[in-house]
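What follows is the content of run-v7.cif, which has mmCIF, C-alpha atoms:
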```cif
data_run
#
loop_
_atom_site.label_atom_id
_atom_site.label_comp_id
_atom_site.auth_asym_id
_atom_site.auth_seq_id
_atom_site.Cartn_x
_atom_site.Cartn_y
_atom_site.Cartn_z
CA MET A 1 28.03 -27.31 34.24
CA LYS A 2 29.02 -30.11 31.90
CA PRO A 3 32.55 -30.01 30.48
CA LEU A 4 32.82 -28.34 27.07
CA THR A 5 35.32 -28.76 24.26
CA GLU A 6 36.99 -25.92 22.42
CA GLN A 7 34.82 -26.64 19.36
CA GLU A 8 31.61 -26.53 21.43
CA ILE A 9 32.68 -23.22 22.95
CA ARG A 10 33.52 -21.62 19.60
CA ALA A 11 30.21 -22.78 18.09
CA ALA A 12 28.22 -21.32 21.02
CA PHE A 13 29.03 -17.62 20.48
CA VAL A 14 25.89 -15.61 19.73
CA ASN A 15 27.18 -12.03 19.60
CA CYS A 16 30.14 -12.21 17.22
CA THR A 17 30.83 -13.55 13.76
CA LYS A 18 31.99 -17.12 13.14
CA GLY A 19 35.36 -15.71 12.07
CA GLU A 20 35.73 -13.79 15.33
CA ALA A 21 34.74 -16.88 17.32
CA LYS A 22 37.36 -18.89 15.42
CA ARG A 23 40.12 -16.37 16.24
CA LEU A 24 39.40 -15.66 19.91
CA SER A 25 41.51 -17.09 22.69
CA VAL A 26 39.97 -20.16 24.39
CA PRO A 27 41.55 -21.42 27.64
CA ARG A 28 44.01 -24.25 27.13
CA ASP A 29 43.25 -25.77 30.54
CA LEU A 30 39.65 -26.84 29.85
CA ALA A 31 40.32 -30.36 31.19
CA GLU A 32 41.51 -28.93 34.54
CA ARG A 33 38.56 -26.57 35.11
CA PRO A 34 36.35 -27.39 38.15
CA TRP A 35 33.31 -28.05 35.92
CA GLY A 36 31.21 -29.46 38.76
CA ASP A 37 31.50 -26.16 40.64
CA LEU A 38 30.87 -23.88 37.65
CA ASP A 39 27.56 -22.27 36.75
CA TYR A 40 29.27 -20.77 33.72
CA LEU A 41 32.74 -20.72 32.18
CA GLY A 42 34.28 -17.26 32.18
CA TRP A 43 37.76 -16.07 31.26
CA ARG A 44 39.77 -13.00 30.32
CA ASP A 45 41.81 -12.95 27.12
CA PRO A 46 45.52 -13.06 28.08
CA GLN A 47 46.51 -11.23 24.86
CA ALA A 48 43.85 -8.51 25.26
CA PRO A 49 43.04 -7.85 28.95
CA ASP A 50 40.02 -5.68 28.05
CA ARG A 51 38.33 -8.71 26.43
CA ALA A 52 36.44 -11.38 28.32
CA TYR A 53 34.21 -14.29 27.41
CA LEU A 54 31.58 -16.35 29.13
CA VAL A 55 29.74 -19.54 28.27
CA VAL A 56 26.57 -20.62 30.05
CA GLU A 57 24.34 -23.61 29.52
CA LEU A 58 20.73 -22.50 28.99
CA ASP A 59 17.92 -24.82 27.92
CA GLY A 60 20.45 -27.64 27.61
CA ARG A 61 22.64 -25.80 25.08
CA PRO A 62 25.72 -23.65 25.58
CA LYS A 63 25.51 -19.93 24.75
CA ALA A 64 28.66 -17.86 24.69
CA LEU A 65 29.17 -14.09 24.80
CA THR A 66 32.07 -11.82 23.98
CA LEU A 67 32.55 -9.01 26.50
CA ARG A 68 34.68 -5.90 26.78
CA ALA A 69 35.79 -4.26 29.99
CA SER A 70 35.02 -0.58 30.26
CA ALA A 71 37.95 1.77 29.91
CA GLY A 72 37.29 3.56 33.21
CA GLY A 73 37.32 0.71 35.70
CA VAL A 74 36.32 0.81 39.33
CA GLY A 75 38.58 2.55 41.84
CA GLN A 76 40.67 0.29 44.05
CA ALA A 77 39.51 1.85 47.34
CA ARG A 78 35.81 1.65 46.50
CA ARG A 79 33.79 -1.50 47.20
CA SER A 80 31.52 -2.59 44.37
CA MET A 81 29.08 -5.48 44.01
CA CYS A 82 28.88 -8.01 41.19
CA SER A 83 25.40 -7.97 39.67
CA LEU A 84 25.52 -11.74 39.04
CA CYS A 85 26.66 -13.30 42.32
CA LEU A 86 26.30 -10.30 44.68
CA THR A 87 29.89 -10.57 45.92
CA THR A 88 31.47 -7.26 46.91
CA HIS A 89 35.07 -6.50 46.02
CA SER A 90 37.52 -3.66 46.51
CA GLY A 91 38.50 -3.05 42.89
CA GLY A 92 37.53 -6.56 41.78
CA VAL A 93 34.37 -5.64 39.87
CA SER A 94 34.39 -4.49 36.24
CA LEU A 95 31.74 -3.10 33.96
CA LEU A 96 31.65 -5.72 31.21
CA VAL A 97 29.80 -4.82 28.03
CA ALA A 98 28.47 -7.30 25.46
CA PRO A 99 27.47 -6.32 21.93
CA ARG A 100 23.87 -7.35 21.37
CA ALA A 101 23.29 -10.32 19.08
CA GLY A 102 22.11 -9.87 15.49
CA ARG A 103 21.26 -6.60 13.78
CA ALA A 104 21.14 -4.64 17.04
CA GLY A 105 24.77 -5.51 17.74
CA GLN A 106 25.78 -4.66 14.18
CA GLN A 107 24.27 -1.22 14.78
CA GLY A 108 26.45 -0.79 17.87
CA ASN A 109 23.93 -1.59 20.59
CA SER A 110 25.28 -3.26 23.71
CA VAL A 111 24.33 -4.39 27.19
CA GLY A 112 26.53 -4.00 30.26
CA ALA A 113 26.67 -5.39 33.77
CA TYR A 114 29.01 -5.11 36.73
CA MET A 115 30.67 -8.51 37.18
CA CYS A 116 33.50 -10.06 39.14
CA ALA A 117 36.56 -8.99 37.15
CA ASP A 118 37.96 -12.54 37.20
CA LEU A 119 34.56 -14.04 36.20
CA ALA A 120 34.77 -16.49 39.11
CA CYS A 121 31.25 -15.90 40.48
CA SER A 122 30.58 -19.64 40.84
CA LEU A 123 33.60 -20.06 43.10
CA TYR A 124 32.75 -17.00 45.23
CA VAL A 125 29.16 -18.17 45.76
CA ARG A 126 30.36 -21.62 46.87
CA GLY A 127 33.06 -20.18 49.15
CA LEU A 128 35.83 -21.79 47.08
CA ARG A 129 37.46 -18.42 46.38
CA ASP A 130 37.77 -15.63 48.91
CA ALA A 131 37.19 -12.01 47.92
CA GLY A 132 38.23 -10.71 51.35
CA ILE A 133 36.54 -9.52 54.50
CA GLY A 134 32.94 -8.48 53.96
CA ALA A 135 32.81 -9.84 50.43
CA ARG A 136 29.77 -12.03 51.06
CA LEU A 137 26.77 -10.51 52.77
CA HIS A 138 25.17 -12.61 55.50
CA GLU A 139 22.10 -14.23 53.99
CA THR A 140 19.60 -16.72 55.35
CA ILE A 141 19.05 -18.47 52.02
CA SER A 142 20.68 -21.79 51.21
CA LEU A 143 23.69 -22.32 48.97
CA GLU A 144 21.38 -23.88 46.37
CA GLU A 145 19.22 -20.72 46.39
CA LYS A 146 22.32 -18.53 46.00
CA ILE A 147 23.42 -20.63 43.04
CA ASP A 148 19.93 -20.45 41.52
CA ARG A 149 19.94 -16.66 41.93
CA THR A 150 23.34 -16.34 40.23
CA VAL A 151 22.16 -18.52 37.32
CA ALA A 152 18.93 -16.50 37.03
CA ASN A 153 20.89 -13.21 37.00
CA LEU A 154 23.19 -14.59 34.32
CA ALA A 155 20.25 -15.89 32.25
CA ALA A 156 18.63 -12.44 32.45
CA PHE A 157 21.85 -10.83 31.20
CA VAL A 158 22.13 -13.31 28.32
CA ALA A 159 18.46 -12.66 27.44
CA LYS A 160 19.15 -8.92 27.21
CA VAL A 161 22.07 -9.61 24.86
CA THR A 162 20.17 -12.06 22.66
CA GLY A 163 16.71 -10.48 22.83
#
```
Encoding of this model in structure tokens:
Amino acid sequence: MKPLTEQEIRAAFVNCTKGEAKRLSVPRDLAERPWGDLDYLGWRDPQAPDRAYLVVELDGRPKALTLRASAGGVGQARRSMCSLCLTTHSGGVSLLVAPRAGRAGQQGNSVGAYMCADLACSLYVRGLRDAGIGARLHETISLEEKIDRTVANLAAFVAKVTG
């Protein structure tokens, strides 16, 4: 993923108002992010832990989504799988819900997916972050194919939000 500025990130939000995008918390460490290893930029809001955001580059342009973590959460003893990168975690997967873009979102419609709670799918896929024993299933596909699958899963989620 190419490095993004705060202004590019704020302008990329598709499922919130411009005022909301202006007020949300953007990471201050954008220059230190491992952009070359990221398929998308994801972060949790430090002031509101139930809020999360992600930015993905699709068709050469960034698209950003606001997300909310479900109130229930996944039990710590139960292993769950991220629907984007297929990493399994004990308590490290959250149901994240995005309001749909446009009129559908204004009417309260949303789309949800189980995702890595820390939104670090790119790092898990590449083996740069460890989710523990048994977190990655043994697969015969290449790293490039795993990355492509994660990007395709993310693009499908974004399409559900924007479609």
Show me, as a Markdown table, the residues of stretch 75-134 of chain A having an atom within 12 Å of stretch 34-41 of chain A, each with the closest atom pair and its distance in Å, using all atoms listed in the file.
```
| residue | atom | partner | partner_atom | distance |
| --- | --- | --- | --- | --- |
| A:Leu84 | CA | A:Asp39 | CA | 11.0 |
| A:Cys85 | CA | A:Asp39 | CA | 10.6 |
| A:Asp118 | CA | A:Leu41 | CA | 10.9 |
| A:Leu119 | CA | A:Leu41 | CA | 8.0 |
| A:Ala120 | CA | A:Leu41 | CA | 8.4 |
| A:Cys121 | CA | A:Asp39 | CA | 8.3 |
| A:Ser122 | CA | A:Leu38 | CA | 5.3 |
| A:Leu123 | CA | A:Asp37 | CA | 6.9 |
| A:Tyr124 | CA | A:Asp37 | CA | 10.3 |
| A:Val125 | CA | A:Asp37 | CA | 9.8 |
| A:Arg126 | CA | A:Asp37 | CA | 7.8 |
| A:Gly127 | CA | A:Asp37 | CA | 10.5 |
| A:Leu128 | CA | A:Asp37 | CA | 8.9 |
| A:Arg129 | CA | A:Asp37 | CA | 11.3 |
```
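Atom pair atom CA of A:Lys160 / atom CA of A:Gly92 has a distance of 23.6 Å (rounded to one decimal).
This file, queried with the PyMOL selection byres ((chain A and resi 97-114) around 9), gives the residues Val14, Asn15, Cys16, Leu65, Thr66, Leu67, Arg68, Ala69, Ser70, Ser80, Met81, Cys82, Ser83, Leu84, Val93, Ser94, Leu95, Leu96, Met115, Cys116, Ala117, Phe157, Lys160, Val161, Thr162 and Gly163 of chain A.
Distance-wise, atom CA of A:Gly42 and atom CA of A:Val55 end up 6.4 Å apart.
The shortest atom-to-atom distance to A:Ala21, with all atoms listed in the file taken into account, belongs to A:Ala64 out of A:Asp59, A:Ser90, A:Glu144, A:Ala64.
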Exercise. Carefully work through the PyMOL selection byres ((chain A and resi 25) around 10) for this structure and note down the residues it includes, as a list in words.
Key: Glu6, Arg10, Glu20, Ala21, Lys22, Arg23, Leu24, Val26, Pro27, Arg28, Trp43, Arg44, Asp45, Pro46, Gln47, Ala48, Arg51, Ala52 and Tyr53 of chain A
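With atom CA of A:Pro3 on one side and atom CA of A:Ala31 on the other, the separation reads 7.8 Å.
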Practice problem: Extract, using all atoms listed in the file, all DNA, RNA and protein residues at most 9 Å from A:Pro62, discarding same-chain residues fewer than 2 positions from it, and format them as a ChimeraX atom specification. | Solution: /A:4,8-9,11-13,55-60,64
